[in-house]
file entry.txt (compact mmCIF, C-alpha atoms and all ligand atoms)
# COMPACT_ATOMS: atom_id res chain seq x y z
CA MET K 1 0.00 0.00 0.00
CA HIS K 2 1.21 3.49 -0.77
CA ILE K 3 -0.02 6.34 1.35
CA PRO K 4 0.40 9.87 0.01
CA THR K 5 2.31 12.32 2.19
CA GLU K 6 1.04 15.83 2.54
CA GLN K 7 3.70 18.07 0.97
CA VAL K 8 4.22 21.38 -0.78
CA LEU K 9 6.33 21.33 -3.92
CA VAL K 10 8.17 24.63 -4.39
CA ASN K 11 10.79 26.25 -6.61
CA LEU K 12 9.22 24.94 -9.80
CA ALA K 13 7.87 26.13 -13.15
CA LEU K 14 4.51 24.66 -14.10
CA TYR K 15 2.83 23.53 -17.31
CA ASP K 16 -0.65 22.89 -15.90
CA GLY K 17 -2.41 21.30 -18.92
CA VAL K 18 -4.89 24.19 -19.16
CA ARG K 19 -2.86 27.26 -20.10
CA ASP K 20 -0.45 27.01 -23.03
CA ASP K 21 2.38 28.92 -21.38
CA LEU K 22 4.67 28.10 -18.50
CA GLN K 23 3.90 29.54 -15.03
CA ARG K 24 7.05 30.43 -13.06
CA ASP K 25 7.62 30.50 -9.27
CA GLN K 26 4.72 28.19 -8.54
CA GLY K 27 3.87 25.98 -5.60
CA ILE K 28 1.71 22.84 -5.47
CA TRP K 29 0.15 21.67 -2.19
CA VAL K 30 -0.54 17.95 -2.34
CA GLY K 31 -2.94 16.81 0.36
CA ALA K 32 -2.81 13.63 2.42
CA ASP K 33 -5.62 12.27 0.23
CA GLY K 34 -3.39 12.52 -2.87
CA THR K 35 -5.28 15.40 -4.47
CA ILE K 36 -4.11 18.92 -5.25
CA ARG K 37 -5.25 21.26 -2.49
CA ALA K 38 -3.70 24.45 -3.83
CA VAL K 39 -1.63 25.55 -6.83
CA GLY K 40 -0.40 29.00 -7.80
CA PRO K 41 2.21 31.62 -6.88
CA VAL K 42 4.48 29.94 -4.34
CA ASP K 43 3.99 32.43 -1.49
CA ASP K 44 0.20 32.11 -1.64
CA VAL K 45 0.39 28.31 -1.64
CA LEU K 46 2.84 28.24 1.30
CA THR K 47 0.55 30.49 3.33
CA GLU K 48 -2.44 28.27 2.61
CA ALA K 49 -0.56 25.03 3.31
CA GLY K 50 0.52 26.00 6.83
CA ASP K 51 3.09 23.56 8.22
CA ALA K 52 3.01 20.87 5.50
CA ARG K 53 6.43 19.44 4.53
CA VAL K 54 8.17 21.52 1.84
CA VAL K 55 10.03 19.87 -1.07
CA ASP K 56 12.40 22.03 -3.14
CA LEU K 57 12.43 21.09 -6.85
CA HIS K 58 15.46 23.30 -7.69
CA GLY K 59 13.78 25.21 -10.52
CA ASP K 60 12.67 22.08 -12.40
CA HIS K 61 9.48 21.78 -14.45
CA VAL K 62 6.26 20.07 -13.40
CA MET K 63 3.48 18.91 -15.72
CA PRO K 64 0.47 16.58 -15.51
CA GLY K 65 1.15 12.83 -15.84
CA LEU K 66 0.77 11.50 -19.38
CA THR K 67 -2.15 9.45 -20.63
CA ASN K 68 -1.42 6.85 -23.30
CA MET K 69 -4.64 5.99 -25.13
CA HIS K 70 -3.49 2.92 -27.09
CA VAL K 71 -1.88 0.34 -24.84
CA HIS K 72 -1.75 -3.48 -24.80
CA LEU K 73 -0.09 -4.63 -21.58
CA SER K 74 -0.25 -8.21 -22.92
CA LEU K 75 1.00 -7.31 -26.41
CA GLY K 76 0.69 -10.47 -28.53
CA LEU K 77 2.53 -9.59 -31.75
CA PRO K 78 3.71 -12.51 -33.88
CA GLY K 79 7.31 -13.11 -32.68
CA HIS K 80 9.03 -13.45 -29.25
CA PHE K 81 6.53 -11.25 -27.38
CA GLY K 82 3.51 -13.03 -28.70
CA ASP K 83 5.08 -16.44 -28.09
CA GLU K 84 5.70 -15.52 -24.48
CA VAL K 85 2.15 -14.22 -24.03
CA HIS K 86 0.53 -17.23 -25.70
CA ARG K 87 2.64 -19.80 -23.83
CA SER K 88 1.87 -18.23 -20.47
CA ASN K 89 -0.82 -19.52 -18.17
CA LEU K 90 -3.13 -17.00 -16.55
CA ALA K 91 -0.92 -16.40 -13.50
CA GLU K 92 2.15 -15.85 -15.67
CA LEU K 93 0.18 -13.51 -17.94
CA VAL K 94 -0.88 -11.35 -14.99
CA LEU K 95 2.75 -11.08 -13.83
CA LEU K 96 3.92 -10.11 -17.33
CA MET K 97 1.23 -7.43 -17.44
CA ALA K 98 2.07 -6.19 -13.93
CA ASP K 99 5.70 -5.80 -14.97
CA SER K 100 4.65 -3.80 -18.04
CA ALA K 101 2.28 -1.70 -15.89
CA ARG K 102 5.08 -0.80 -13.47
CA ARG K 103 7.44 0.20 -16.28
CA THR K 104 4.63 2.20 -17.89
CA LEU K 105 4.10 4.22 -14.71
CA HIS K 106 7.85 4.80 -14.26
CA SER K 107 8.02 6.13 -17.83
CA GLY K 108 5.63 8.96 -16.88
CA VAL K 109 2.36 7.43 -18.10
CA THR K 110 0.01 7.78 -15.11
CA THR K 111 -3.13 6.75 -17.04
CA ALA K 112 -3.45 4.06 -19.71
CA ARG K 113 -6.38 3.22 -21.95
CA LEU K 114 -6.15 -0.50 -22.76
CA VAL K 115 -7.59 -1.39 -26.16
CA GLY K 116 -7.42 -5.17 -26.35
CA GLU K 117 -6.16 -7.52 -23.66
CA SER K 118 -6.33 -11.21 -22.98
CA ARG K 119 -8.35 -13.58 -20.80
CA TYR K 120 -9.83 -10.76 -18.66
CA ALA K 121 -6.51 -10.41 -16.79
CA ASP K 122 -6.73 -6.63 -17.27
CA PHE K 123 -9.68 -6.43 -14.87
CA ALA K 124 -7.74 -8.21 -12.11
CA LEU K 125 -4.77 -5.94 -12.76
CA ARG K 126 -6.96 -2.82 -12.62
CA LYS K 127 -8.26 -3.95 -9.24
CA GLY K 128 -4.74 -4.71 -7.96
CA ILE K 129 -3.50 -1.26 -9.00
CA GLU K 130 -6.52 0.47 -7.44
CA ARG K 131 -5.88 -1.34 -4.16
CA GLY K 132 -2.19 -0.41 -4.19
CA ALA K 133 -1.03 -4.03 -4.48
CA VAL K 134 0.58 -3.43 -7.89
CA ASP K 135 2.43 -0.33 -9.14
CA GLY K 136 0.86 0.83 -12.39
CA PRO K 137 -1.03 3.60 -14.15
CA ARG K 138 -4.73 4.27 -13.72
CA ILE K 139 -6.42 1.79 -16.04
CA PHE K 140 -9.38 2.29 -18.37
CA THR K 141 -9.89 -0.87 -20.35
CA ALA K 142 -11.90 -2.30 -23.24
CA GLY K 143 -11.31 -5.89 -22.12
CA HIS K 144 -10.98 -8.08 -25.19
CA ALA K 145 -11.02 -6.37 -28.59
CA LEU K 146 -13.80 -7.62 -30.90
CA CYS K 147 -13.42 -8.75 -34.52
CA CYS K 148 -15.15 -10.87 -37.17
CA THR K 149 -14.08 -14.50 -37.67
CA GLY K 150 -10.46 -14.33 -38.82
CA GLY K 151 -10.54 -10.55 -38.47
CA HIS K 152 -7.79 -8.25 -37.21
CA GLY K 153 -6.47 -9.29 -33.83
CA TRP K 154 -7.93 -12.79 -33.65
CA GLU K 155 -4.48 -14.34 -33.06
CA ALA K 156 -3.88 -11.78 -30.29
CA ASP K 157 -7.01 -12.86 -28.42
CA ALA K 158 -9.56 -10.50 -29.96
CA LEU K 159 -12.93 -12.29 -29.63
CA GLU K 160 -14.58 -13.31 -32.91
CA ALA K 161 -18.24 -13.04 -33.86
CA ASP K 162 -20.37 -12.80 -37.00
CA GLY K 163 -23.68 -11.07 -37.48
CA ALA K 164 -25.32 -8.39 -35.37
CA ASP K 165 -26.43 -10.86 -32.66
CA GLY K 166 -22.90 -12.15 -32.22
CA PHE K 167 -21.50 -8.65 -31.83
CA ARG K 168 -24.23 -7.60 -29.41
CA ARG K 169 -23.34 -10.57 -27.24
CA LEU K 170 -19.58 -9.89 -27.26
CA THR K 171 -20.15 -6.22 -26.44
CA ARG K 172 -22.39 -7.13 -23.50
CA GLN K 173 -19.83 -9.68 -22.29
CA GLN K 174 -17.12 -7.01 -22.13
CA ILE K 175 -19.44 -4.67 -20.23
CA ARG K 176 -20.36 -7.52 -17.87
CA ALA K 177 -16.64 -8.04 -17.15
CA GLY K 178 -16.25 -4.33 -16.32
CA ALA K 179 -15.18 -2.69 -19.60
CA ASP K 180 -14.90 1.10 -19.56
CA LEU K 181 -15.10 1.29 -23.36
CA ILE K 182 -15.42 -1.04 -26.36
CA LYS K 183 -12.71 -1.71 -28.96
CA VAL K 184 -13.67 -3.21 -32.30
CA CYS K 185 -11.51 -3.99 -35.34
CA ILE K 186 -13.36 -2.89 -38.47
CA SER K 187 -10.63 -3.44 -41.07
CA GLY K 188 -7.32 -5.23 -41.56
CA GLY K 189 -4.00 -4.12 -40.08
CA ILE K 190 -0.29 -4.71 -39.80
CA ALA K 191 -0.20 -7.81 -37.63
CA GLY K 192 -2.62 -10.18 -39.46
CA GLU K 193 -1.02 -12.58 -41.91
CA PHE K 194 -4.00 -13.18 -44.24
CA GLU K 195 -5.39 -9.64 -44.45
CA SER K 196 -4.18 -6.32 -45.75
CA ILE K 197 -4.47 -2.89 -44.15
CA ASP K 198 -7.38 -1.95 -46.41
CA THR K 199 -9.47 -5.14 -46.01
CA PRO K 200 -12.96 -4.07 -44.85
CA GLN K 201 -14.02 -6.52 -42.12
CA LEU K 202 -17.17 -5.54 -40.25
CA LEU K 203 -20.49 -5.15 -42.00
CA ASP K 204 -22.60 -2.11 -41.17
CA ASP K 205 -25.20 -4.05 -39.16
CA GLU K 206 -22.44 -5.62 -37.07
CA LEU K 207 -20.78 -2.31 -36.21
CA ALA K 208 -24.14 -0.64 -35.65
CA ALA K 209 -24.97 -3.39 -33.12
CA VAL K 210 -21.73 -2.77 -31.19
CA ILE K 211 -22.24 0.99 -31.13
CA ARG K 212 -25.92 0.75 -30.13
CA VAL K 213 -25.29 -1.58 -27.17
CA ALA K 214 -22.21 0.32 -25.99
CA HIS K 215 -23.94 3.69 -26.14
CA ASP K 216 -27.04 2.37 -24.37
CA TRP K 217 -24.73 1.30 -21.52
CA GLY K 218 -22.83 4.62 -21.53
CA ARG K 219 -19.64 3.25 -23.08
CA LYS K 220 -17.74 4.78 -26.00
CA VAL K 221 -16.54 2.74 -28.96
CA THR K 222 -13.13 3.00 -30.58
CA ALA K 223 -12.19 1.18 -33.77
CA HIS K 224 -9.00 -0.21 -35.20
CA ALA K 225 -9.35 1.19 -38.74
CA GLY K 226 -7.20 1.73 -41.81
CA PRO K 227 -8.93 2.78 -45.01
CA ALA K 228 -10.86 6.04 -45.39
CA GLU K 229 -14.01 4.33 -46.66
CA SER K 230 -14.28 2.04 -43.59
CA VAL K 231 -13.74 5.07 -41.36
CA ARG K 232 -16.36 7.11 -43.24
CA ARG K 233 -19.00 4.41 -42.81
CA ALA K 234 -18.14 3.97 -39.14
CA VAL K 235 -18.36 7.70 -38.48
CA GLU K 236 -21.81 7.75 -40.10
CA LEU K 237 -22.82 4.91 -37.75
CA GLY K 238 -21.77 6.92 -34.68
CA LEU K 239 -18.22 5.72 -33.89
CA ASP K 240 -16.42 7.72 -31.16
CA CYS K 241 -12.72 7.24 -31.97
CA VAL K 242 -10.41 5.94 -34.71
CA GLU K 243 -7.16 4.03 -33.98
CA HIS K 244 -4.25 4.17 -36.49
CA GLY K 245 -6.24 5.50 -39.49
CA TYR K 246 -3.47 4.40 -41.85
CA GLU K 247 -5.16 5.76 -44.98
CA LEU K 248 -7.20 8.80 -43.97
CA THR K 249 -8.03 11.47 -46.54
CA ASP K 250 -8.68 15.19 -46.43
CA GLU K 251 -12.39 14.44 -46.84
CA VAL K 252 -12.76 11.85 -44.08
CA THR K 253 -10.75 13.89 -41.57
CA ARG K 254 -13.07 16.86 -42.27
CA LEU K 255 -16.01 14.58 -41.51
CA MET K 256 -14.33 13.37 -38.29
CA ALA K 257 -13.72 16.96 -37.16
CA GLU K 258 -17.32 17.93 -37.96
CA ARG K 259 -18.75 14.98 -35.97
CA GLY K 260 -16.27 15.29 -33.08
CA VAL K 261 -14.76 11.83 -33.73
CA TRP K 262 -11.32 11.45 -32.10
CA TYR K 263 -8.13 10.13 -33.63
CA VAL K 264 -5.33 8.16 -31.94
CA PRO K 265 -2.69 7.95 -34.70
CA THR K 266 -0.12 5.60 -33.09
CA ILE K 267 2.30 6.95 -35.70
CA VAL K 268 5.24 5.03 -34.16
CA VAL K 269 3.86 1.69 -35.37
CA SER K 270 4.62 2.40 -39.02
CA ARG K 271 8.23 3.49 -38.33
CA CYS K 272 9.56 1.44 -35.36
CA GLU K 273 11.93 -0.83 -37.30
CA GLN K 274 14.29 -1.47 -34.38
CA PHE K 275 11.43 -2.44 -32.07
CA PHE K 276 10.08 -4.95 -34.62
CA ARG K 277 13.60 -6.35 -35.07
CA ASP K 278 14.04 -6.74 -31.30
CA ALA K 279 10.59 -8.35 -31.06
CA GLY K 280 11.61 -10.86 -33.76
CA VAL K 281 8.50 -10.26 -35.89
CA PRO K 282 8.22 -12.04 -39.25
CA GLY K 283 9.48 -10.30 -42.41
CA TRP K 284 6.00 -9.79 -43.91
CA LEU K 285 4.90 -7.88 -40.79
CA MET K 286 7.95 -5.61 -40.84
CA ASP K 287 7.48 -4.90 -44.58
CA ARG K 288 3.80 -4.11 -44.19
CA ALA K 289 4.39 -1.81 -41.21
CA LEU K 290 7.17 0.20 -42.79
CA SER K 291 5.52 0.45 -46.19
CA ALA K 292 2.42 1.91 -44.50
CA GLY K 293 4.61 4.70 -43.11
CA PRO K 294 4.34 7.45 -45.76
CA ARG K 295 0.55 7.16 -46.15
CA HIS K 296 0.10 6.98 -42.35
CA TRP K 297 2.10 10.19 -41.99
CA GLU K 298 -0.15 11.94 -44.53
CA SER K 299 -3.19 10.76 -42.55
CA LEU K 300 -1.84 12.39 -39.41
CA GLN K 301 -1.16 15.61 -41.31
CA HIS K 302 -4.72 15.68 -42.73
CA ALA K 303 -6.10 15.20 -39.22
CA ILE K 304 -3.95 17.98 -37.75
CA ARG K 305 -4.80 20.38 -40.57
CA ASN K 306 -8.54 19.74 -40.33
CA GLY K 307 -8.76 20.05 -36.55
CA VAL K 308 -9.64 16.45 -35.64
CA PRO K 309 -9.36 15.99 -31.84
CA ILE K 310 -6.17 13.93 -31.43
CA ALA K 311 -5.00 11.93 -28.41
CA LEU K 312 -1.64 10.26 -27.83
CA GLY K 313 -1.36 6.50 -28.13
CA SER K 314 1.64 4.30 -28.89
CA ASP K 315 0.37 0.72 -29.49
CA MET K 316 3.96 -0.27 -28.65
CA PRO K 317 4.44 -0.75 -24.89
CA PRO K 318 4.41 2.86 -23.54
CA HIS K 319 7.82 2.33 -21.90
CA ALA K 320 9.46 0.54 -24.86
CA GLY K 321 12.77 2.05 -25.91
CA TYR K 322 12.72 4.14 -29.09
CA ASP K 323 15.56 6.45 -30.27
CA GLU K 324 16.98 6.78 -26.73
CA THR K 325 13.59 7.64 -25.26
CA THR K 326 10.25 5.83 -24.89
CA ALA K 327 7.64 5.03 -27.52
CA THR K 328 5.27 7.44 -25.76
CA VAL K 329 7.65 10.40 -25.91
CA ARG K 330 8.73 9.53 -29.46
CA GLU K 331 5.07 9.52 -30.53
CA LEU K 332 4.68 13.07 -29.19
CA GLU K 333 7.84 14.18 -30.99
CA PHE K 334 6.52 12.70 -34.25
CA MET K 335 3.20 14.52 -33.83
CA VAL K 336 5.06 17.83 -33.53
CA ASP K 337 7.22 16.93 -36.55
CA ALA K 338 4.01 16.32 -38.51
CA GLY K 339 2.87 19.87 -37.82
CA MET K 340 1.08 19.84 -34.46
CA PRO K 341 1.90 22.88 -32.28
CA VAL K 342 3.73 21.93 -29.04
CA ALA K 343 0.84 23.25 -26.93
CA ASP K 344 -1.60 20.92 -28.71
CA ALA K 345 0.77 17.94 -28.47
CA LEU K 346 1.02 18.40 -24.69
CA LYS K 347 -2.77 18.56 -24.39
CA SER K 348 -3.17 15.46 -26.57
CA ALA K 349 -1.31 13.57 -23.85
CA THR K 350 -2.89 15.19 -20.77
CA ILE K 351 -6.21 17.04 -20.62
CA ARG K 352 -7.67 15.82 -23.94
CA PRO K 353 -7.56 12.10 -23.15
CA ALA K 354 -9.10 12.90 -19.75
CA GLN K 355 -11.98 14.53 -21.65
CA TRP K 356 -12.49 11.52 -23.93
CA LEU K 357 -12.45 9.20 -20.93
CA GLY K 358 -15.02 11.37 -19.11
CA GLN K 359 -12.48 12.03 -16.32
CA ALA K 360 -11.70 15.71 -16.90
CA ASP K 361 -12.90 16.67 -13.43
CA THR K 362 -10.28 14.49 -11.69
CA LEU K 363 -7.44 13.87 -14.21
CA GLY K 364 -5.42 15.51 -16.98
CA SER K 365 -4.31 18.83 -15.49
CA VAL K 366 -2.74 20.37 -12.40
CA GLU K 367 -5.74 22.04 -10.81
CA VAL K 368 -7.26 22.16 -7.33
CA GLY K 369 -9.31 19.06 -6.51
CA LYS K 370 -7.68 16.80 -9.13
CA HIS K 371 -5.46 13.80 -8.42
CA ALA K 372 -1.81 14.78 -7.95
CA ASP K 373 -0.53 12.85 -11.00
CA LEU K 374 2.64 14.84 -11.68
CA LEU K 375 5.86 14.59 -13.66
CA VAL K 376 9.08 16.43 -12.81
CA LEU K 377 11.37 17.28 -15.76
CA ARG K 378 14.64 19.17 -15.91
CA ASP K 379 13.71 20.97 -19.17
CA ASP K 380 10.72 23.09 -20.19
CA PRO K 381 8.05 21.02 -22.02
CA THR K 382 6.37 24.14 -23.47
CA ARG K 383 9.53 24.82 -25.49
CA SER K 384 9.86 21.27 -26.79
CA VAL K 385 8.09 17.98 -26.07
CA SER K 386 11.58 16.43 -26.07
CA ALA K 387 11.88 17.91 -22.57
CA LEU K 388 10.10 14.69 -21.55
CA ARG K 389 13.44 12.98 -22.18
CA THR K 390 14.62 14.72 -18.98
CA LEU K 391 11.86 13.20 -16.82
CA HIS K 392 13.20 12.25 -13.40
CA ALA K 393 10.25 11.92 -11.02
CA VAL K 394 6.71 10.54 -11.25
CA LEU K 395 3.88 10.96 -8.73
CA LYS K 396 0.49 9.31 -8.99
CA GLY K 397 -2.17 10.29 -6.49
CA GLY K 398 0.45 12.16 -4.49
CA VAL K 399 2.65 9.05 -4.10
CA SER K 400 6.12 9.11 -5.64
CA TYR K 401 6.79 6.02 -7.77
CA ARG K 402 10.00 7.29 -9.34
CA ASP K 403 12.43 9.81 -7.93
CA ASP K 404 15.85 9.67 -9.61
CA HIS K 405 17.29 12.57 -7.56
CA GLY K 406 15.89 11.44 -4.22
CA ARG K 407 14.12 14.71 -3.52
CA LEU K 408 10.71 13.19 -2.87
CA ARG K 409 12.13 10.05 -1.28
CA ASP K 410 10.46 10.50 2.08
CA ALA K 411 7.05 10.82 0.48
CA ARG K 412 6.69 7.11 0.01
ZN ZN K 501 -3.25 -1.91 -30.92
call {"tool": "encode", "arguments": {"input": "entry.txt", "output": "structure tokens"}}
result
Amino acid sequence: MHIPTEQVLVNLALYDGVRDDLQRDQGIWVGADGTIRAVGPVDDVLTEAGDARVVDLHGDHVMPGLTNMHVHLSLGLPGHFGDEVHRSNLAELVLLMADSARRTLHSGVTTARLVGESRYADFALRKGIERGAVDGPRIFTAGHALCCTGGHGWEADALEADGADGFRRLTRQQIRAGADLIKVCISGGIAGEFESIDTPQLLDDELAAVIRVAHDWGRKVTAHAGPAESVRRAVELGLDCVEHGYELTDEVTRLMAERGVWYVPTIVVSRCEQFFRDAGVPGWLMDRALSAGPRHWESLQHAIRNGVPIALGSDMPPHAGYDETTATVRELEFMVDAGMPVADALKSATIRPAQWLGQADTLGSVEVGKHADLLVLRDDPTRSVSALRTLHAVLKGGVSYRDDHGRLRDAR
């Protein structure tokens, strides 16, 4: 169990997730319940906080914890990873996922949206993290992903169905298990041997059944989707969010913006050659991923230009190494390279995901009453998202889970 310590962080510059610019000489009072009790000019906060313990951050930068919206803690890619996941019994699977959850949190991701896990282990893990038995990010999960027979993800434990009845049943089963959202694969992708990225897979009545049931139960639906035509049809049927969108067009991104449909590009997946090599994936998978790269990049640029709401997601494990940083941070850097202003990129990883998840009153920014999910960086994130490469401390709910310089040490 981790119990938050009441403390006042001082001598820091703050990116709060609400305002675009950096606030200097700030203080943050973290209460014993792990929420933010006061934030603002340091003298005001110190006066309010009375005799709470003071922690000097030596002029470093504080920002909200990151949310990664496309995570598989039990990633089952063809290759070493998938072999390990598929060979494992349920107990071993939970331990693999717990290890990935701990690394995810240490990498600065304090909230993860899981979009396809295995054997309902994610629900046990979510409970373990909530109780403080396992170190990990806050979890919002879809349970198993859903697909048609032989559809995208079936080898990675997506559940298969055919026809509207079958999809209604699978959707209700995920909700029964405790799903916060529903993930459905509506077209082919990178990791399926007998499909291509532009194979349409769900029929309209099947997708409509998923969306209808999910919405009736107050759950959003996100779809693994590649081609523009599949995305267009799904948007017309009321889809809430598009994953990957490998082949989006100017036209379909305009439609997404108009209907308020979100986009999680996972741009790293079509350019992470070293990761695929390390994971020992088959040659066809590597070729398909990398050859999707240029068109995927254009999709992201269409979405940025047309004002589609975008949230950060990596698909790769959030903590996985990528160009001397993590997949999560590299994804943010790519989004800026593709034309997204730094201020928008930071929001796509903090306050915007909190909005999509319906958690904007407790997560996603550094404001009074919210959970103290905080990152400490040496450099200024409002100047460059690469400042996240200088991350050295992570708090979740006022508890420090990583503290490279030992300044928060006593808080745990
Ligand atoms: Zn995925």
call {"tool": "residues_near_ligand", "arguments": {"input": "entry.txt", "ligand": "ligand ZN 501 (chain K)", "cutoff": "9 Å", "atoms": "all atoms listed in the file", "output": "PDB file with C-alpha atoms, in the coordinates of the input"}}
result
ATOM      1  CA  HIS K  70      -3.490   2.920 -27.090  1.00  0.00           C
ATOM      2  CA  VAL K  71      -1.880   0.340 -24.840  1.00  0.00           C
ATOM      3  CA  HIS K  72      -1.750  -3.480 -24.800  1.00  0.00           C
ATOM      4  CA  LEU K  75       1.000  -7.310 -26.410  1.00  0.00           C
ATOM      5  CA  LEU K 114      -6.150  -0.500 -22.760  1.00  0.00           C
ATOM      6  CA  VAL K 115      -7.590  -1.390 -26.160  1.00  0.00           C
ATOM      7  CA  GLY K 116      -7.420  -5.170 -26.350  1.00  0.00           C
ATOM      8  CA  GLY K 153      -6.470  -9.290 -33.830  1.00  0.00           C
ATOM      9  CA  HIS K 224      -9.000  -0.210 -35.200  1.00  0.00           C
ATOM     10  CA  GLU K 243      -7.160   4.030 -33.980  1.00  0.00           C
ATOM     11  CA  HIS K 244      -4.250   4.170 -36.490  1.00  0.00           C
ATOM     12  CA  THR K 266      -0.120   5.600 -33.090  1.00  0.00           C
ATOM     13  CA  SER K 314       1.640   4.300 -28.890  1.00  0.00           C
ATOM     14  CA  ASP K 315       0.370   0.720 -29.490  1.00  0.00           C
ATOM     15  CA  MET K 316       3.960  -0.270 -28.650  1.00  0.00           C
TER      16      MET K 316
END
call {"tool": "closest_residue", "arguments": {"input": "entry.txt", "among": "K:Ile211, K:Val329, K:Ile3, K:Val252", "to": "Val231 in chain K", "atoms": "all atoms listed in the file"}}
result
K:Val252
call {"tool": "residues_near_point", "arguments": {"input": "entry.txt", "point": "(0.3, -11.9, -11.8)", "cutoff": "12 Å", "atoms": "all atoms listed in the file", "output": "JSON, numbers by chain"}}
result
{"K": [74, 88, 89, 90, 91, 92, 93, 94, 95, 96, 97, 98, 99, 100, 101, 121, 122, 123, 124, 125, 126, 127, 128, 129, 133, 134]}
call {"tool": "atom_distance", "arguments": {"input": "entry.txt", "atom1": "CA of Ala228 in chain K", "atom2": "CA of Leu248 in chain K"}}
result
4.8 Å
call {"tool": "closest_residue", "arguments": {"input": "entry.txt", "among": "K:Pro64, K:Gly163, K:Gly178, K:Gly321", "to": "Tyr120 in chain K", "atoms": "only C-alpha atoms"}}
result
K:Gly178
call {"tool": "closest_atom_pairs", "arguments": {"input": "entry.txt", "of": "range 87-115 of chain K", "to": "range 372-375 of chain K", "cutoff": "12 Å", "atoms": "all atoms listed in the file", "output": "tab-separated table"}}
result
residue	atom	partner	partner_atom	distance
K:Leu105	CA	K:Asp373	CA	10.5
K:His106	CA	K:Leu375	CA	10.0
K:Ser107	CA	K:Leu375	CA	9.7
K:Gly108	CA	K:Leu375	CA	6.5
K:Val109	CA	K:Leu375	CA	9.1
K:Thr110	CA	K:Asp373	CA	6.5
K:Thr111	CA	K:Asp373	CA	9.0
call {"tool": "closest_atom_pairs", "arguments": {"input": "entry.txt", "of": "range 252-361 of chain K", "to": "range 12-30 of chain K", "cutoff": "9 Å", "atoms": "all atoms listed in the file", "output": "CSV"}}
result
residue,atom,partner,partner_atom,distance
K:Val342,CA,K:Asp20,CA,8.9
K:Ala343,CA,K:Asp20,CA,5.6
K:Asp344,CA,K:Asp20,CA,8.4
K:Leu346,CA,K:Gly17,CA,7.3
K:Lys347,CA,K:Gly17,CA,6.1
K:Thr350,CA,K:Gly17,CA,6.4
K:Ile351,CA,K:Gly17,CA,6.0
call {"tool": "residues_near_point", "arguments": {"input": "entry.txt", "point": "(-1.0, 17.7, -38.0)", "cutoff": "12 Å", "atoms": "only C-alpha atoms", "output": "PDB file with C-alpha atoms, in the coordinates of the input"}}
result
ATOM      1  CA  ASP K 250      -8.680  15.190 -46.430  1.00  0.00           C
ATOM      2  CA  THR K 253     -10.750  13.890 -41.570  1.00  0.00           C
ATOM      3  CA  TYR K 263      -8.130  10.130 -33.630  1.00  0.00           C
ATOM      4  CA  PRO K 265      -2.690   7.950 -34.700  1.00  0.00           C
ATOM      5  CA  ILE K 267       2.300   6.950 -35.700  1.00  0.00           C
ATOM      6  CA  HIS K 296       0.100   6.980 -42.350  1.00  0.00           C
ATOM      7  CA  TRP K 297       2.100  10.190 -41.990  1.00  0.00           C
ATOM      8  CA  GLU K 298      -0.150  11.940 -44.530  1.00  0.00           C
ATOM      9  CA  SER K 299      -3.190  10.760 -42.550  1.00  0.00           C
ATOM     10  CA  LEU K 300      -1.840  12.390 -39.410  1.00  0.00           C
ATOM     11  CA  GLN K 301      -1.160  15.610 -41.310  1.00  0.00           C
ATOM     12  CA  HIS K 302      -4.720  15.680 -42.730  1.00  0.00           C
ATOM     13  CA  ALA K 303      -6.100  15.200 -39.220  1.00  0.00           C
ATOM     14  CA  ILE K 304      -3.950  17.980 -37.750  1.00  0.00           C
ATOM     15  CA  ARG K 305      -4.800  20.380 -40.570  1.00  0.00           C
ATOM     16  CA  ASN K 306      -8.540  19.740 -40.330  1.00  0.00           C
ATOM     17  CA  GLY K 307      -8.760  20.050 -36.550  1.00  0.00           C
ATOM     18  CA  VAL K 308      -9.640  16.450 -35.640  1.00  0.00           C
ATOM     19  CA  PRO K 309      -9.360  15.990 -31.840  1.00  0.00           C
ATOM     20  CA  ILE K 310      -6.170  13.930 -31.430  1.00  0.00           C
ATOM     21  CA  ALA K 311      -5.000  11.930 -28.410  1.00  0.00           C
ATOM     22  CA  LEU K 332       4.680  13.070 -29.190  1.00  0.00           C
ATOM     23  CA  GLU K 333       7.840  14.180 -30.990  1.00  0.00           C
ATOM     24  CA  PHE K 334       6.520  12.700 -34.250  1.00  0.00           C
ATOM     25  CA  MET K 335       3.200  14.520 -33.830  1.00  0.00           C
ATOM     26  CA  VAL K 336       5.060  17.830 -33.530  1.00  0.00           C
ATOM     27  CA  ASP K 337       7.220  16.930 -36.550  1.00  0.00           C
ATOM     28  CA  ALA K 338       4.010  16.320 -38.510  1.00  0.00           C
ATOM     29  CA  GLY K 339       2.870  19.870 -37.820  1.00  0.00           C
ATOM     30  CA  MET K 340       1.080  19.840 -34.460  1.00  0.00           C
ATOM     31  CA  PRO K 341       1.900  22.880 -32.280  1.00  0.00           C
ATOM     32  CA  VAL K 342       3.730  21.930 -29.040  1.00  0.00           C
ATOM     33  CA  ASP K 344      -1.600  20.920 -28.710  1.00  0.00           C
ATOM     34  CA  ALA K 345       0.770  17.940 -28.470  1.00  0.00           C
ATOM     35  CA  SER K 348      -3.170  15.460 -26.570  1.00  0.00           C
TER      36      SER K 348
END
call {"tool": "atom_distance", "arguments": {"input": "entry.txt", "atom1": "CA of His152 in chain K", "atom2": "CA of Cys185 in chain K"}}
result
6.0 Å
call {"tool": "atom_distance", "arguments": {"input": "entry.txt", "atom1": "CA of Cys147 in chain K", "atom2": "CA of Pro227 in chain K"}}
result
16.2 Å
call {"tool": "residues_around", "arguments": {"input": "entry.txt", "residues": "Leu391 in chain K", "least_positions_apart": "3", "cutoff": "6 Å", "atoms": "all atoms listed in the file", "output": "ChimeraX atom specification"}}
result
/K:376-377,388
